[in-house]
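Raw target-v6.txt, compact mmCIF, N, CA and C atoms:
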# COMPACT_ATOMS: atom_id res chain seq x y z
N MET B 1 0.82 -1.19 0.00
CA MET B 1 0.00 0.00 0.00
C MET B 1 0.87 1.26 0.00
N GLN B 2 1.95 1.21 0.78
CA GLN B 2 2.83 2.37 0.83
C GLN B 2 3.47 2.61 -0.54
N ARG B 3 3.79 1.54 -1.23
CA ARG B 3 4.37 1.65 -2.56
C ARG B 3 3.40 2.36 -3.50
N ASN B 4 2.10 2.03 -3.38
CA ASN B 4 1.09 2.67 -4.22
C ASN B 4 1.01 4.16 -3.95
N ILE B 5 1.10 4.55 -2.71
CA ILE B 5 1.07 5.97 -2.35
C ILE B 5 2.23 6.70 -2.99
N ILE B 6 3.38 6.10 -2.91
CA ILE B 6 4.57 6.72 -3.45
C ILE B 6 4.46 6.85 -4.97
N ILE B 7 4.00 5.79 -5.61
CA ILE B 7 3.86 5.81 -7.07
C ILE B 7 2.86 6.88 -7.50
N ILE B 8 1.75 6.98 -6.78
CA ILE B 8 0.72 7.96 -7.11
C ILE B 8 1.27 9.38 -6.99
N THR B 9 1.98 9.64 -5.92
CA THR B 9 2.54 10.97 -5.71
C THR B 9 3.56 11.29 -6.80
N ILE B 10 4.37 10.32 -7.13
CA ILE B 10 5.38 10.52 -8.17
C ILE B 10 4.70 10.83 -9.50
N LEU B 11 3.68 10.05 -9.82
CA LEU B 11 2.96 10.27 -11.07
C LEU B 11 2.35 11.66 -11.11
N LEU B 12 1.78 12.07 -10.01
CA LEU B 12 1.19 13.40 -9.94
C LEU B 12 2.23 14.47 -10.22
N LEU B 13 3.31 14.42 -9.51
CA LEU B 13 4.33 15.45 -9.68
C LEU B 13 5.02 15.36 -11.03
N THR B 14 5.22 14.17 -11.51
CA THR B 14 5.84 14.01 -12.82
C THR B 14 4.94 14.58 -13.91
N SER B 15 3.65 14.26 -13.85
CA SER B 15 2.75 14.76 -14.89
C SER B 15 2.63 16.28 -14.82
N LEU B 16 2.63 16.82 -13.64
CA LEU B 16 2.56 18.27 -13.52
C LEU B 16 3.82 18.93 -14.07
N SER B 17 4.96 18.36 -13.77
CA SER B 17 6.21 18.97 -14.23
C SER B 17 6.37 18.83 -15.73
N VAL B 18 5.91 17.74 -16.30
CA VAL B 18 6.02 17.56 -17.75
C VAL B 18 5.04 18.46 -18.48
N SER B 19 3.81 18.57 -17.94
CA SER B 19 2.79 19.35 -18.63
C SER B 19 2.97 20.85 -18.44
N ASN B 20 3.72 21.23 -17.44
CA ASN B 20 3.90 22.65 -17.16
C ASN B 20 5.38 22.93 -16.90
N ALA B 21 6.04 23.50 -17.85
CA ALA B 21 7.46 23.75 -17.72
C ALA B 21 7.78 24.70 -16.57
N GLN B 22 6.80 25.50 -16.16
CA GLN B 22 7.01 26.45 -15.08
C GLN B 22 6.63 25.87 -13.71
N PHE B 23 6.32 24.58 -13.66
CA PHE B 23 5.94 23.94 -12.40
C PHE B 23 7.03 24.12 -11.36
N ARG B 24 6.61 24.53 -10.21
CA ARG B 24 7.51 24.60 -9.07
C ARG B 24 6.77 24.07 -7.85
N PHE B 25 7.41 23.16 -7.15
CA PHE B 25 6.85 22.56 -5.95
C PHE B 25 6.77 23.64 -4.88
N LYS B 26 5.60 23.82 -4.31
CA LYS B 26 5.42 24.84 -3.28
C LYS B 26 5.09 24.15 -1.96
N PRO B 27 6.10 24.00 -1.11
CA PRO B 27 5.90 23.29 0.15
C PRO B 27 4.82 23.92 1.02
N GLU B 28 4.71 25.24 0.99
CA GLU B 28 3.73 25.90 1.86
C GLU B 28 2.30 25.54 1.45
N ASP B 29 2.06 25.35 0.16
CA ASP B 29 0.72 24.96 -0.30
C ASP B 29 0.39 23.54 0.13
N ARG B 30 1.34 22.65 -0.05
CA ARG B 30 1.12 21.26 0.33
C ARG B 30 0.99 21.13 1.85
N LEU B 31 1.79 21.88 2.60
CA LEU B 31 1.71 21.85 4.05
C LEU B 31 0.33 22.28 4.52
N LYS B 32 -0.16 23.36 3.98
CA LYS B 32 -1.49 23.86 4.36
C LYS B 32 -2.55 22.79 4.12
N ASP B 33 -2.48 22.13 2.98
CA ASP B 33 -3.42 21.07 2.64
C ASP B 33 -3.32 19.91 3.62
N LEU B 34 -2.10 19.49 3.93
CA LEU B 34 -1.91 18.38 4.86
C LEU B 34 -2.36 18.73 6.28
N VAL B 35 -2.08 19.93 6.72
CA VAL B 35 -2.49 20.36 8.06
C VAL B 35 -4.01 20.31 8.19
N GLU B 36 -4.69 20.83 7.17
CA GLU B 36 -6.16 20.87 7.21
C GLU B 36 -6.77 19.48 7.13
N LYS B 37 -6.32 18.69 6.18
CA LYS B 37 -6.95 17.40 5.93
C LYS B 37 -6.54 16.32 6.93
N LEU B 38 -5.32 16.38 7.42
CA LEU B 38 -4.84 15.36 8.34
C LEU B 38 -4.90 15.81 9.80
N LYS B 39 -5.27 17.07 9.99
CA LYS B 39 -5.35 17.63 11.35
C LYS B 39 -4.05 17.40 12.13
N LEU B 40 -2.97 17.86 11.52
CA LEU B 40 -1.66 17.72 12.14
C LEU B 40 -1.56 18.59 13.38
N ASP B 41 -0.91 18.06 14.41
CA ASP B 41 -0.67 18.88 15.59
C ASP B 41 0.56 19.75 15.32
N LYS B 42 0.89 20.59 16.27
CA LYS B 42 1.98 21.56 16.07
C LYS B 42 3.32 20.87 15.79
N ASP B 43 3.62 19.84 16.55
CA ASP B 43 4.87 19.10 16.37
C ASP B 43 4.93 18.43 15.00
N GLN B 44 3.83 17.80 14.61
CA GLN B 44 3.77 17.16 13.29
C GLN B 44 3.91 18.19 12.18
N THR B 45 3.25 19.32 12.35
CA THR B 45 3.31 20.37 11.34
C THR B 45 4.74 20.83 11.12
N THR B 46 5.46 21.03 12.20
CA THR B 46 6.86 21.47 12.11
C THR B 46 7.70 20.43 11.38
N LYS B 47 7.51 19.16 11.73
CA LYS B 47 8.29 18.09 11.10
C LYS B 47 7.95 17.94 9.62
N VAL B 48 6.67 17.97 9.29
CA VAL B 48 6.25 17.84 7.89
C VAL B 48 6.75 19.04 7.09
N GLU B 49 6.72 20.21 7.68
CA GLU B 49 7.22 21.41 7.00
C GLU B 49 8.68 21.26 6.62
N ILE B 50 9.47 20.71 7.50
CA ILE B 50 10.90 20.50 7.22
C ILE B 50 11.07 19.54 6.05
N VAL B 51 10.30 18.45 6.07
CA VAL B 51 10.37 17.45 4.98
C VAL B 51 9.99 18.09 3.65
N LEU B 52 8.89 18.85 3.65
CA LEU B 52 8.41 19.45 2.41
C LEU B 52 9.35 20.53 1.88
N LYS B 53 9.93 21.32 2.77
CA LYS B 53 10.88 22.35 2.32
C LYS B 53 12.11 21.71 1.70
N LYS B 54 12.58 20.63 2.31
CA LYS B 54 13.74 19.92 1.76
C LYS B 54 13.40 19.38 0.37
N ALA B 55 12.23 18.74 0.23
CA ALA B 55 11.82 18.21 -1.07
C ALA B 55 11.62 19.33 -2.07
N GLY B 56 11.03 20.43 -1.63
CA GLY B 56 10.80 21.57 -2.51
C GLY B 56 12.09 22.15 -3.05
N ASP B 57 13.06 22.29 -2.18
CA ASP B 57 14.36 22.80 -2.62
C ASP B 57 14.98 21.87 -3.66
N GLN B 58 14.90 20.58 -3.40
CA GLN B 58 15.47 19.61 -4.33
C GLN B 58 14.73 19.63 -5.67
N LEU B 59 13.40 19.67 -5.62
CA LEU B 59 12.61 19.66 -6.85
C LEU B 59 12.79 20.93 -7.67
N ASN B 60 12.85 22.05 -7.01
CA ASN B 60 12.99 23.32 -7.71
C ASN B 60 14.36 23.53 -8.32
N ASN B 61 15.33 22.75 -7.90
CA ASN B 61 16.68 22.88 -8.44
C ASN B 61 17.04 21.82 -9.46
N LEU B 62 16.04 21.05 -9.91
CA LEU B 62 16.30 20.02 -10.90
C LEU B 62 16.52 20.64 -12.27
N SER B 63 17.25 19.92 -13.10
CA SER B 63 17.48 20.39 -14.47
C SER B 63 16.20 20.28 -15.28
N ASP B 64 16.20 20.86 -16.45
CA ASP B 64 15.03 20.80 -17.33
C ASP B 64 15.03 19.55 -18.20
N ASP B 65 16.06 18.74 -18.12
CA ASP B 65 16.12 17.49 -18.88
C ASP B 65 15.01 16.56 -18.35
N ARG B 66 14.03 16.26 -19.20
CA ARG B 66 12.85 15.51 -18.78
C ARG B 66 13.18 14.14 -18.21
N THR B 67 14.07 13.43 -18.84
CA THR B 67 14.41 12.08 -18.37
C THR B 67 15.06 12.15 -17.00
N GLU B 68 16.05 13.01 -16.89
CA GLU B 68 16.75 13.16 -15.61
C GLU B 68 15.79 13.66 -14.54
N ARG B 69 14.99 14.62 -14.89
CA ARG B 69 14.04 15.21 -13.95
C ARG B 69 13.05 14.17 -13.44
N ARG B 70 12.50 13.37 -14.33
CA ARG B 70 11.51 12.36 -13.96
C ARG B 70 12.10 11.39 -12.93
N GLU B 71 13.30 10.93 -13.18
CA GLU B 71 13.96 9.99 -12.28
C GLU B 71 14.19 10.62 -10.90
N LYS B 72 14.64 11.85 -10.89
CA LYS B 72 14.93 12.51 -9.63
C LYS B 72 13.66 12.87 -8.87
N VAL B 73 12.61 13.26 -9.59
CA VAL B 73 11.33 13.56 -8.94
C VAL B 73 10.83 12.32 -8.21
N ARG B 74 10.92 11.19 -8.87
CA ARG B 74 10.49 9.94 -8.24
C ARG B 74 11.24 9.68 -6.95
N SER B 75 12.52 9.84 -7.01
CA SER B 75 13.35 9.59 -5.84
C SER B 75 13.03 10.56 -4.70
N ILE B 76 12.92 11.82 -5.03
CA ILE B 76 12.63 12.84 -4.01
C ILE B 76 11.27 12.62 -3.37
N MET B 77 10.26 12.37 -4.19
CA MET B 77 8.91 12.19 -3.65
C MET B 77 8.80 10.90 -2.86
N ASP B 78 9.48 9.88 -3.30
CA ASP B 78 9.50 8.61 -2.57
C ASP B 78 10.02 8.85 -1.16
N GLU B 79 11.13 9.52 -1.08
CA GLU B 79 11.74 9.78 0.22
C GLU B 79 10.88 10.69 1.09
N SER B 80 10.34 11.75 0.52
CA SER B 80 9.53 12.68 1.33
C SER B 80 8.25 12.01 1.82
N ASN B 81 7.62 11.18 1.00
CA ASN B 81 6.42 10.48 1.45
C ASN B 81 6.72 9.49 2.57
N LYS B 82 7.85 8.82 2.48
CA LYS B 82 8.26 7.90 3.56
C LYS B 82 8.46 8.68 4.85
N GLU B 83 9.11 9.82 4.74
CA GLU B 83 9.37 10.63 5.94
C GLU B 83 8.07 11.17 6.52
N ILE B 84 7.16 11.61 5.67
CA ILE B 84 5.87 12.13 6.15
C ILE B 84 5.08 11.02 6.84
N GLU B 85 5.06 9.84 6.25
CA GLU B 85 4.31 8.73 6.85
C GLU B 85 4.84 8.38 8.23
N LYS B 86 6.13 8.50 8.46
CA LYS B 86 6.72 8.22 9.77
C LYS B 86 6.20 9.19 10.83
N ILE B 87 5.80 10.36 10.41
CA ILE B 87 5.33 11.40 11.32
C ILE B 87 3.86 11.21 11.68
N LEU B 88 3.10 10.58 10.81
CA LEU B 88 1.65 10.47 10.97
C LEU B 88 1.25 9.32 11.88
N ASN B 89 0.07 9.48 12.51
CA ASN B 89 -0.49 8.37 13.27
C ASN B 89 -1.28 7.47 12.32
N LYS B 90 -1.80 6.39 12.84
CA LYS B 90 -2.48 5.38 12.01
C LYS B 90 -3.64 5.97 11.21
N ASN B 91 -4.50 6.75 11.84
CA ASN B 91 -5.63 7.35 11.14
C ASN B 91 -5.19 8.37 10.10
N GLN B 92 -4.18 9.13 10.42
CA GLN B 92 -3.67 10.12 9.46
C GLN B 92 -3.05 9.43 8.25
N LYS B 93 -2.39 8.30 8.47
CA LYS B 93 -1.82 7.56 7.34
C LYS B 93 -2.92 7.10 6.39
N LYS B 94 -4.02 6.64 6.93
CA LYS B 94 -5.15 6.21 6.09
C LYS B 94 -5.68 7.39 5.27
N GLU B 95 -5.83 8.53 5.91
CA GLU B 95 -6.33 9.72 5.21
C GLU B 95 -5.33 10.19 4.16
N PHE B 96 -4.06 10.12 4.47
CA PHE B 96 -3.00 10.49 3.54
C PHE B 96 -3.09 9.61 2.29
N GLN B 97 -3.31 8.33 2.48
CA GLN B 97 -3.46 7.40 1.36
C GLN B 97 -4.68 7.76 0.52
N LYS B 98 -5.76 8.14 1.17
CA LYS B 98 -6.97 8.55 0.44
C LYS B 98 -6.69 9.80 -0.40
N MET B 99 -5.97 10.74 0.18
CA MET B 99 -5.63 11.97 -0.53
C MET B 99 -4.84 11.66 -1.81
N LEU B 100 -3.89 10.76 -1.68
CA LEU B 100 -3.08 10.40 -2.83
C LEU B 100 -3.90 9.67 -3.89
N GLU B 101 -4.84 8.85 -3.45
CA GLU B 101 -5.73 8.16 -4.39
C GLU B 101 -6.60 9.17 -5.14
N GLU B 102 -7.10 10.16 -4.44
CA GLU B 102 -7.91 11.20 -5.08
C GLU B 102 -7.10 11.96 -6.12
N ARG B 103 -5.87 12.26 -5.80
CA ARG B 103 -5.00 12.95 -6.75
C ARG B 103 -4.78 12.09 -7.99
N LYS B 104 -4.59 10.80 -7.77
CA LYS B 104 -4.40 9.89 -8.89
C LYS B 104 -5.61 9.90 -9.82
N LYS B 105 -6.79 9.89 -9.24
CA LYS B 105 -8.02 9.91 -10.04
C LYS B 105 -8.13 11.21 -10.83
N ARG B 106 -7.84 12.34 -10.18
CA ARG B 106 -7.89 13.63 -10.88
C ARG B 106 -6.89 13.68 -12.02
N MET B 107 -5.71 13.16 -11.78
CA MET B 107 -4.69 13.14 -12.82
C MET B 107 -5.15 12.31 -14.00
N SER B 108 -5.72 11.17 -13.71
CA SER B 108 -6.20 10.29 -14.76
C SER B 108 -7.30 10.97 -15.58
N GLU B 109 -8.20 11.64 -14.90
CA GLU B 109 -9.27 12.37 -15.59
C GLU B 109 -8.70 13.50 -16.45
N ASN B 110 -7.75 14.21 -15.93
CA ASN B 110 -7.12 15.31 -16.69
C ASN B 110 -6.42 14.78 -17.94
N ARG B 111 -5.76 13.65 -17.81
CA ARG B 111 -5.09 13.06 -18.97
C ARG B 111 -6.08 12.67 -20.04
N ARG B 112 -7.21 12.12 -19.62
CA ARG B 112 -8.25 11.73 -20.58
C ARG B 112 -8.80 12.95 -21.31
N ARG B 113 -8.99 14.05 -20.59
CA ARG B 113 -9.50 15.28 -21.20
C ARG B 113 -8.53 15.86 -22.20
N GLN B 114 -7.24 15.75 -21.89
CA GLN B 114 -6.20 16.32 -22.77
C GLN B 114 -6.06 15.53 -24.06
N ASN B 115 -6.42 14.26 -24.03
CA ASN B 115 -6.28 13.42 -25.23
C ASN B 115 -7.47 13.53 -26.06

Mind converting the file's structure to structure tokens?
Amino acid sequence: MQRNIIIITILLLTSLSVSNAQFRFKPEDRLKDLVEKLKLDKDQTTKVEIVLKKAGDQLNNLSDDRTERREKVRSIMDESNKEIEKILNKNQKKEFQKMLEERKKRMSENRRRQN
């Protein structure tokens, strides 16, 4: 199940970066979403913020080479999702998985519309 979450997140970020050359990962936007939906406490919020800022810095500094970028995005998102999951409690992990599933569905729908 954790592997599915990671794959979904990677696909989301990869498709966004490929479809939008100006894509930039914004940790503050994702943090706000996670705080609201997962009801993170103050300690969790601080820890997740650190993880997201680190991932954001790495993602925003990637080259424009699509092949290289895709591989690195996968690696970065894999690691950040693992770190975030370690911070969450059991119920929050379930909700986090649901969030990623919803993103996957939206991405799939968007791809169908574009074709």

- Task: Name the residues in contact with Gln44 (chain B) at a cut-off of 10 Å, using only C-alpha atoms, excluding same-chain residues fewer than 5 positions from it; report them as a list in words.
- Result: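 Counting only C-alpha atoms, the residues come to Val35, Lys39, Glu49, Ile50, Ile84, Ile87, Leu88 and Asn89 of chain B.
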
- Query: Separation of CA of Arg30 (chain B) and atom C of Val73 (chain B), in Å?
  - Reply: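 Pair CA of Arg30 (chain B) / atom C of Val73 (chain B) returns 15.7 Å.
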
- Message: I'd like to know which of B:Lys94, B:Val51, B:Thr67, B:Lys104 is closest to Glu79 (chain B), using all atoms listed in the file.
- Response: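 Using all atoms listed in the file, Glu79 (chain B) sits closest to B:Val51.
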
- Nearest to Leu52 (chain B), chosen from B:Asp64, B:Glu71, B:Glu85, B:Glu28, with all atoms listed in the file counted in the distances: B:Glu28

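Atom C of Thr45 (chain B) to atom N of Ile5 (chain B) spans 21.7 Å [interatomic distance, one decimal].
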
- Item | One-decimal distance in Å that lies between atom C of Lys37 (chain B) and CA of Glu95 (chain B) | 6.8 Å

- Task: Write down as a ChimeraX atom specification the residues belonging to region 29-90 of chain B that are assigned alpha helix (DSSP H) by DSSP computed on the backbone.
- Result: /B:29-38,42-60,66-87,90

- Return the single residue from B:Lys32, B:Lys26, B:Arg69, B:Lys90 that is closest to Ala55 (chain B), with distances computed using all atoms listed in the file. B:Lys26
